[in-house]
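A.B. asks: Take this structure, written in structure tokens, and hold onto it; I'll ask about it next.
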Amino acid sequence: ASSVVETDVLIVGSGPAGASAALFLSTLGVDNMVITKYRWTANTPRAHITNQRAMEIFRDMGVEDQVLADATPHHLVGDTVFCTSIAGEEIGRIHTWGTHPAREADYQLASPCLVVDIPQTYLEPILVKNATVRGTQTRFSTEYVAHVQDADGVNVLARDRLTGAEYTIRAKYLIGADGARSKVAADIGLPYEGAMDIAGSMNITFKADIEAYVGHRPSVLYWVIQPGANVGGIGAGLVRMVRPWDEWLIVWGYDINDEPPVVDEASATQIVRDLLGMPDIDVEITGTSLWGNNEMYAKHLQKGRVFCAGDAIHRHPPSNGLGSNTSIQDSYNLAWKLALVLRGQADRSLLDTYSTERAPVAERIVRRANRSSREFVQFFEVLGLLDATTEDEMVAAIEERKANTPGGAAKRAALVDAMELKNYEFNAHGVDLGQHYQSAAIVSDGSSLPEPSRDPDLYYEMSTVPGSHVPHAWVGDTMHRKAMMDLAPYDRFTLVTGIAGEEWTSVADKVAHEFGIPLATVVIGAGQEVTDLYYDWAKLREVDESGVVLVRPDKHIAWRSMTMPEDPEDALRSAMRQILGKA
Ligand code: FDA
């Protein structure tokens with residue numbers, strides 16, 4: 001007799017997108033199940049840079065401490081080096097991930113969390129463990145085969161890879177978080193723009209203690225520009241820290257139009273020694289793998305009861321460190337909406353806003369990452385490597401930057417600019433944090449985002465214009481310091497007002513009761529439970545003290561009122577009606 005397994009939300013994949021979706025849903029008490037193809041989580045370090053928004057999400061979920069315990073801390077991630085080898089000459093350094101003293105302030109003002117580094121091999125187990133502890137039914141070695149959806153749910157055919165047995169899982173909703181080669185996305189025919197496999201990359205993981213060469217310039221990334229065996233003759237390899245300072249990953253490009261290279265232990269050891277510039281060093285090669293670079297994003301992210309998240313909808317190179325971060329943020333956008341709809345608190349149309357809000361983000365990050373990747377050419381150009389035809393010519397071209405000649409001077413000047421340009425890859429704070437939503441779940445007040453005063457890719461500007469992320473400020477009381485985001489936890493809507501807006505509390509209670517939704521009011525001000533410790537919130541909130549901002553579970557502002565309206569109850573009710581799709 002065959003039986004059907006039932007769940008509310010079935011998630012395919014246990015990568016950053018899938019494992020975090022499970023964590024969010026379980027935290028909200030939504031019945032969910034994960035099926036994932038392999039016996040365990042990611043088997044290579046893969047994504048690692050973990051940006052402030054992702055860290056805020058972990059903070060919101062109460063797992064920030066666990067992530068920090070396994071992460072390389074902020075102060076060790078950012079002295080990024082360009083060199084001819086690790087032991088060789090430096091071409092230049094750039095402070096990355098907000099570690100420049102002048103940029104550190106921007107990062108600290110924007111968030112309670114800083115950028116850290118945690119490889120996927122460490123992050124995924126934390127997400128899976130906490131999701132499972134909180135209720136997720138997690139099935140490893142289980143493959144998604146196909147699905148059929150009807151008016152009330154989705155039947156998913158799953159295969160147990162140990163026994164070969166196939167069975168049906170009946171879910172109300174399906175999330176395809178099955179990565180860059182998503183079968184779920186293919187099965188619902190998501191429309192894409194762009195191309196896959198535009199370049200090939202080879203990863204070599206190895207162990208070698210090289211602290212003596214890097215401990216004084218601690219970074220996650222060391223870029224090695226070295227003439228040699230690489231694609232097109234230009235050797236640019238990345239030596240990436242996995243654990244400080246004895247576990248590493250080398251990323252080495254290869255021509256995707258050729259046969260994939262076969263890397264045995266001897267050739268892997270040679271590549272490692274070349275990039276380190278240490279011809280005799282003992283290294284333990286722990287693995288090699290090949291992967292493709294993509295430039296592709298989905299224009300639409302869902303069909304009926306099926307949603308895709310993560311690399312399934314955005315595929316791009318590691319530049320800017322956006323892959324895992326954006327994947328987690330996709331799921332963070334989707335999970336609370338599913339919870340509200342499953343509980344009957346919101347209309348199903350709320351789910352349509354997932355695509356409206358996240359598709360533009362997918363496009364933006366795919367474009368940014370690919371542009372950053374291409375901009376590396378500027379280095380080769382500036383150094384004169386593009387015209388060099390032999391290794392000797394390349395060496396001479398790199399050497400020329402030291403010469404007391406007009407050519408040398410021109411090269412040095414050009415290097416200043418080339419280095420500056422890399423801020424768009426390594427300090428793109430605006431890309432990391434500046435996601436702004438426009439959808440039916442955001443009630444516009446007719447205002448639009450202020451014109452950016454600085455480059456919007458590099459700099460993030462906080463605002464309470466509906467659709468923006470709630471600005472960060474430290475608030476609290478004598479004994480506790482809280483971030484603004486802490487006032488608006490994931491399991492409810494939160495109204496934030498000042499003392500002159502106290503009336504919102506009773507108004508909100510009434511409206512919450514009417515809609516049967518979790519909605520709380522926080523009054524910030526002197527003598528309240530939460531005070532404006534540094535008077536920063538007063539400067540950031542843009543609304544009057546009697547006004548209000550309505551923060552969604554995902555910390556985006558759904559609605560605001562600049563002052564206390566004549567009929568606040570009616571104002572809040574009509575905003576809530578629109579957000580919940582009950583208009
Ligand atoms: P992800 O690919 O992580 O997860 C997909 C999940 O779906 C997996 O658990 C898989 O087992 C499962 N799955 C797939 N098909 C299934 C099926 N039919 N049935 C059941 N389960 C299925 N990024 C970066 O920033 N720096 C880097 O160095 C690298 N390096 C790198 C190397 C390699 C080899 C890869 C594959 C990827 C990278 N990336 C990377 C990209 C980064 O890993 C990526 O952006 C995130 O992992 C995306 O997370 P997702 O959860 O969307 O997909």
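Naming works like this for the structure tokens: A, B, ... for the chains as they're shown, residue 1 at the start of each chain, ligands 1 onward in shown order.
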Show which residues sit within 10 Å of Asn257 in chain A, as a PyMOL selection string. Count only C-alpha atoms, and ignore same-chain residues fewer than 4 positions away.
C.D. replies: chain A and resi 197-200
A.B. asks: Which residues of chain A have any atom within 8 Å of an atom in ligand 1 when counting only C-alpha atoms and all ligand atoms, and what is the closest pair of atoms for each, with the distance in Å to one decimal? Order the rows by chain and rising number and write it as CSV.
C.D. replies:
residue,atom,partner,partner_atom_place_in_ligand_line,distance
A:Val12,CA,ligand 1,21 (N),5.2
A:Gly13,CA,ligand 1,7 (O),3.2
A:Ser14,CA,ligand 1,9 (O),3.8
A:Gly15,CA,ligand 1,51 (O),3.4
A:Pro16,CA,ligand 1,51 (O),3.9
A:Ala17,CA,ligand 1,51 (O),3.7
A:Gly18,CA,ligand 1,51 (O),5.3
A:Ala19,CA,ligand 1,51 (O),7.2
A:Ile35,CA,ligand 1,20 (C),5.6
A:Thr36,CA,ligand 1,21 (N),3.6
A:Lys37,CA,ligand 1,21 (N),3.8
A:Tyr38,CA,ligand 1,11 (O),5.3
A:Thr41,CA,ligand 1,9 (O),6.1
A:Ala42,CA,ligand 1,9 (O),6.7
A:Thr44,CA,ligand 1,34 (C),6.7
A:Pro45,CA,ligand 1,30 (N),7.0
A:Arg46,CA,ligand 1,30 (N),3.4
A:Ala47,CA,ligand 1,24 (C),3.4
A:His48,CA,ligand 1,25 (O),6.0
A:Ile49,CA,ligand 1,25 (O),6.7
A:Gln120,CA,ligand 1,43 (O),7.1
A:Ser141,CA,ligand 1,20 (C),7.8
A:Thr142,CA,ligand 1,20 (C),5.8
A:Glu143,CA,ligand 1,19 (N),3.5
A:Tyr144,CA,ligand 1,19 (N),3.8
A:Val145,CA,ligand 1,18 (N),6.1
A:Ala158,CA,ligand 1,19 (N),7.8
A:Ala177,CA,ligand 1,52 (O),5.3
A:Asp178,CA,ligand 1,7 (O),3.3
A:Gly179,CA,ligand 1,53 (O),3.6
A:Ala180,CA,ligand 1,2 (O),6.0
A:Arg181,CA,ligand 1,15 (N),7.0
A:Ser182,CA,ligand 1,15 (N),6.1
A:Lys183,CA,ligand 1,18 (N),6.0
A:Val184,CA,ligand 1,18 (N),7.7
A:Asn203,CA,ligand 1,32 (C),7.3
A:Val251,CA,ligand 1,28 (O),7.6
A:Ser289,CA,ligand 1,34 (C),6.4
A:Leu290,CA,ligand 1,34 (C),6.4
A:Trp291,CA,ligand 1,34 (C),5.1
A:Ala309,CA,ligand 1,52 (O),6.1
A:Gly310,CA,ligand 1,52 (O),3.2
A:Asp311,CA,ligand 1,52 (O),3.8
A:Ala312,CA,ligand 1,52 (O),5.8
A:Ile313,CA,ligand 1,52 (O),7.9
A:Arg315,CA,ligand 1,45 (O),7.1
A:His316,CA,ligand 1,45 (O),7.6
A:Pro317,CA,ligand 1,23 (N),6.8
A:Pro318,CA,ligand 1,25 (O),3.8
A:Ser319,CA,ligand 1,25 (O),6.8
A:Asn320,CA,ligand 1,25 (O),7.6
A:Gly321,CA,ligand 1,25 (O),4.5
A:Leu322,CA,ligand 1,25 (O),6.0
A:Gly323,CA,ligand 1,45 (O),3.4
A:Ser324,CA,ligand 1,46 (C),4.4
A:Asn325,CA,ligand 1,45 (O),7.9
A:Thr326,CA,ligand 1,45 (O),7.9
A:Ser327,CA,ligand 1,52 (O),5.3
A:Ile328,CA,ligand 1,51 (O),7.6
A.B. asks: What is the CA of Ser111 in chain A-CA of Asn370 in chain A distance in Å, reported with one decimal?
C.D. replies: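 Going from CA of Ser111 in chain A over to CA of Asn370 in chain A covers 26.4 Å.
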A.B. asks: With distances taken over only C-alpha atoms, which residue among A:Lys129, A:Arg93, A:Arg343, A:Lys482 lies nearest Asp31 in chain A?
C.D. replies: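 Result for the nearest residue to Asp31 in chain A: A:Arg343.
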A.B. asks: Neighbouring residues of Thr138 in chain A were defined as those with any atom within 8 Å, considering only C-alpha atoms; residues of the same chain fewer than 3 positions away were excluded. Please report them as a list in words.
C.D. replies: Met33, Val34, Ile35 and Thr132 of chain A
A.B. asks: When you count only C-alpha atoms, which of these residues is closest to Ala418 in chain A: A:Glu381, A:Glu569, A:Asp258, A:Asp352?
C.D. replies: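 So, comparing all the options, the nearest one is A:Glu381.
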A.B. asks: What is the distance, in Å and to one decimal place, between CA of Ser3 in chain A and CA of Asp160 in chain A?
C.D. replies: 14.3 Å
A.B. asks: What lies within 6 Å of range 429-433 of chain A using only C-alpha atoms, ignoring chain neighbours under 4 positions off, as an MDAnalysis selection string?
C.D. replies: chainID A and resid 456:460
A.B. asks: Those residues you just picked out, can you put them in a file as a PDB file, in the first residue's frame with N, CA and C atoms?
C.D. replies:
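What ended up in out-v5.pdb:
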ATOM      1  N   PRO A 456      24.846  55.006  -5.476  1.00  0.00           N
ATOM      2  CA  PRO A 456      23.933  54.071  -4.807  1.00  0.00           C
ATOM      3  C   PRO A 456      24.436  52.621  -4.759  1.00  0.00           C
ATOM      4  N   ASP A 457      25.419  52.265  -5.569  1.00  0.00           N
ATOM      5  CA  ASP A 457      25.994  50.917  -5.440  1.00  0.00           C
ATOM      6  C   ASP A 457      26.951  50.859  -4.243  1.00  0.00           C
ATOM      7  N   LEU A 458      27.685  51.949  -4.049  1.00  0.00           N
ATOM      8  CA  LEU A 458      28.702  51.947  -2.988  1.00  0.00           C
ATOM      9  C   LEU A 458      28.135  52.326  -1.630  1.00  0.00           C
ATOM     10  N   TYR A 459      27.136  53.208  -1.648  1.00  0.00           N
ATOM     11  CA  TYR A 459      26.662  53.757  -0.382  1.00  0.00           C
ATOM     12  C   TYR A 459      25.189  53.448  -0.169  1.00  0.00           C
ATOM     13  N   TYR A 460      24.881  53.105   1.044  1.00  0.00           N
ATOM     14  CA  TYR A 460      23.508  52.804   1.430  1.00  0.00           C
ATOM     15  C   TYR A 460      22.950  54.002   2.182  1.00  0.00           C
TER      16      TYR A 460
END
A.B. asks: Quick one: everything within 7 Å of Cys308 in chain A, counting only C-alpha atoms, minus sequence neighbours fewer than 6 positions away in the same chain. Send it as number ranges by chain.
C.D. replies: A: 175-177, 185, 301-302
A.B. asks: Go ahead and save the picked residues with N, CA and C atoms, as a PDB file, in the first residue's frame.
C.D. replies:
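Output file out_20.pdb follows:
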ATOM      1  N   ILE A 175       8.536  24.980  -2.420  1.00  0.00           N
ATOM      2  CA  ILE A 175       9.628  25.921  -2.677  1.00  0.00           C
ATOM      3  C   ILE A 175      10.761  25.168  -3.355  1.00  0.00           C
ATOM      4  N   GLY A 176      11.106  25.601  -4.546  1.00  0.00           N
ATOM      5  CA  GLY A 176      12.242  25.025  -5.264  1.00  0.00           C
ATOM      6  C   GLY A 176      13.495  25.818  -4.915  1.00  0.00           C
ATOM      7  N   ALA A 177      14.267  25.290  -3.974  1.00  0.00           N
ATOM      8  CA  ALA A 177      15.548  25.921  -3.590  1.00  0.00           C
ATOM      9  C   ALA A 177      16.650  24.964  -4.004  1.00  0.00           C
ATOM     10  N   ALA A 185      12.380  24.874 -11.082  1.00  0.00           N
ATOM     11  CA  ALA A 185      12.214  26.061 -11.929  1.00  0.00           C
ATOM     12  C   ALA A 185      11.947  25.662 -13.376  1.00  0.00           C
ATOM     13  N   LEU A 301       9.194  34.558 -10.532  1.00  0.00           N
ATOM     14  CA  LEU A 301       9.771  33.607  -9.580  1.00  0.00           C
ATOM     15  C   LEU A 301       8.810  32.521  -9.114  1.00  0.00           C
ATOM     16  N   GLN A 302       7.598  32.481  -9.640  1.00  0.00           N
ATOM     17  CA  GLN A 302       6.628  31.567  -9.071  1.00  0.00           C
ATOM     18  C   GLN A 302       5.557  31.214 -10.083  1.00  0.00           C
TER      19      GLN A 302
END
A.B. asks: Fewer than 3 positions away in the same chain doesn't count, so skip those; otherwise give me all residues within 9 Å of range 76-88 of chain A, counting only C-alpha atoms, as a tab-separated table (two decimals) with C-alpha atoms, in the first residue's frame.
C.D. replies:
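Output saved as out.tsv:
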chain	number	residue	atom	x	y	z
A	49	ILE	CA	31.14	36.27	2.68
A	72	THR	CA	36.08	34.26	10.83
A	73	PRO	CA	35.40	37.59	12.54
A	91	ILE	CA	50.70	45.14	-6.39
A	92	GLY	CA	48.31	46.73	-3.93
A	93	ARG	CA	45.88	46.25	-1.08
A	94	ILE	CA	42.31	47.32	-0.60
A	95	HIS	CA	40.27	47.40	2.58
A	96	THR	CA	37.24	45.23	1.85
A	97	TRP	CA	33.85	44.39	3.35
A	98	GLY	CA	33.61	47.67	5.21
A	99	THR	CA	36.96	47.45	7.00
A	100	HIS	CA	38.33	50.75	5.70
A	115	VAL	CA	30.25	41.37	7.60
A	116	VAL	CA	31.89	38.08	8.57
A	117	ASP	CA	33.10	35.01	6.71
A	210	ILE	CA	50.93	30.17	5.88
A	213	TYR	CA	52.75	35.40	5.10
A	214	VAL	CA	49.20	36.57	5.76
A	215	GLY	CA	48.62	37.06	9.50
A	217	ARG	CA	47.49	41.46	6.41
A	218	PRO	CA	44.50	39.34	7.32
A	219	SER	CA	41.96	38.83	4.58
A	220	VAL	CA	39.61	36.34	3.07
A	221	LEU	CA	40.90	37.00	-0.44
A	222	TYR	CA	44.38	37.16	-1.93
A	223	TRP	CA	44.42	37.80	-5.67
A	224	VAL	CA	47.44	36.47	-7.46
A	225	ILE	CA	48.30	37.96	-10.83
A	226	GLN	CA	50.87	35.65	-12.29
A	227	PRO	CA	51.87	34.84	-15.82
A	239	VAL	CA	43.74	32.22	-2.82
A	241	MET	CA	40.93	31.66	3.24
A	244	PRO	CA	42.64	31.27	9.31
A	274	ASP	CA	52.94	28.59	-7.83
A	275	LEU	CA	50.26	30.84	-6.41
A	276	LEU	CA	51.78	30.77	-2.95
A	277	GLY	CA	55.19	31.43	-4.46
A	278	MET	CA	56.56	28.72	-2.21
A	398	ILE	CA	54.22	43.80	-14.27
A	426	PHE	CA	34.32	44.69	-2.23
A.B. asks: Please compute the CA of Ile442 in chain A-CA of Ala558 in chain A distance, one decimal, in Å.
C.D. replies: 4.5 Å
A.B. asks: For Ser506 in chain A, please output as a compact mmCIF listing (two decimals) with C-alpha atoms, in the first residue's frame all residues within 10 Å (counting only C-alpha atoms; exclusion window: fewer than 4 positions along the same chain).
C.D. replies:
# COMPACT_ATOMS: atom_id res chain seq x y z
CA GLU A 502 0.73 56.84 21.98
CA LYS A 510 -8.21 47.11 17.67
CA VAL A 511 -7.06 46.60 14.08
CA ALA A 512 -4.99 43.54 15.05
CA ALA A 520 2.23 45.27 18.26
CA THR A 521 3.11 48.90 18.90
CA GLU A 569 -7.96 53.62 12.98
A.B. asks: Select, from A:Tyr173, A:Phe140, A:Trp504, A:Tyr437, the residue with the minimum atom-to-atom distance to Leu342 in chain A, counting only C-alpha atoms.
C.D. replies: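 Closest residue, counting only C-alpha atoms: A:Tyr173.
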A.B. asks: Rank A:Gly135, A:Pro466, A:Pro191, A:Gly501 by their smallest atom-to-atom distance to Pro568 in chain A, using only C-alpha atoms, and report the top residue only.
C.D. replies: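 Nearest to Pro568 in chain A: A:Gly501.
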A.B. asks: From the options A:Ala298, A:Val67, A:Ala21, A:Ala335, which residue's atoms come nearest to Arg358 in chain A, counting only C-alpha atoms?
C.D. replies: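 Once distances to Arg358 in chain A are computed over only C-alpha atoms, the minimum belongs to A:Ala298.
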A.B. asks: For Thr27 in chain A, which residue out of A:Thr121, A:Thr50, A:Asn333, A:Asn130 is the nearest one, using only C-alpha atoms?
C.D. replies: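 Checking each of A:Thr121, A:Thr50, A:Asn333, A:Asn130 against Thr27 in chain A, counting only C-alpha atoms, the winner is A:Asn130.
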A.B. asks: Can you check which residues of range 373-538 of chain A DSSP gives as helix (DSSP H, G or I) on the backbone and send them as a PyMOL selection string?
C.D. replies: chain A and resi 373-374+377-383+391-402+406-421+423-426+429-433+484-487+499-501+503-515+536-538
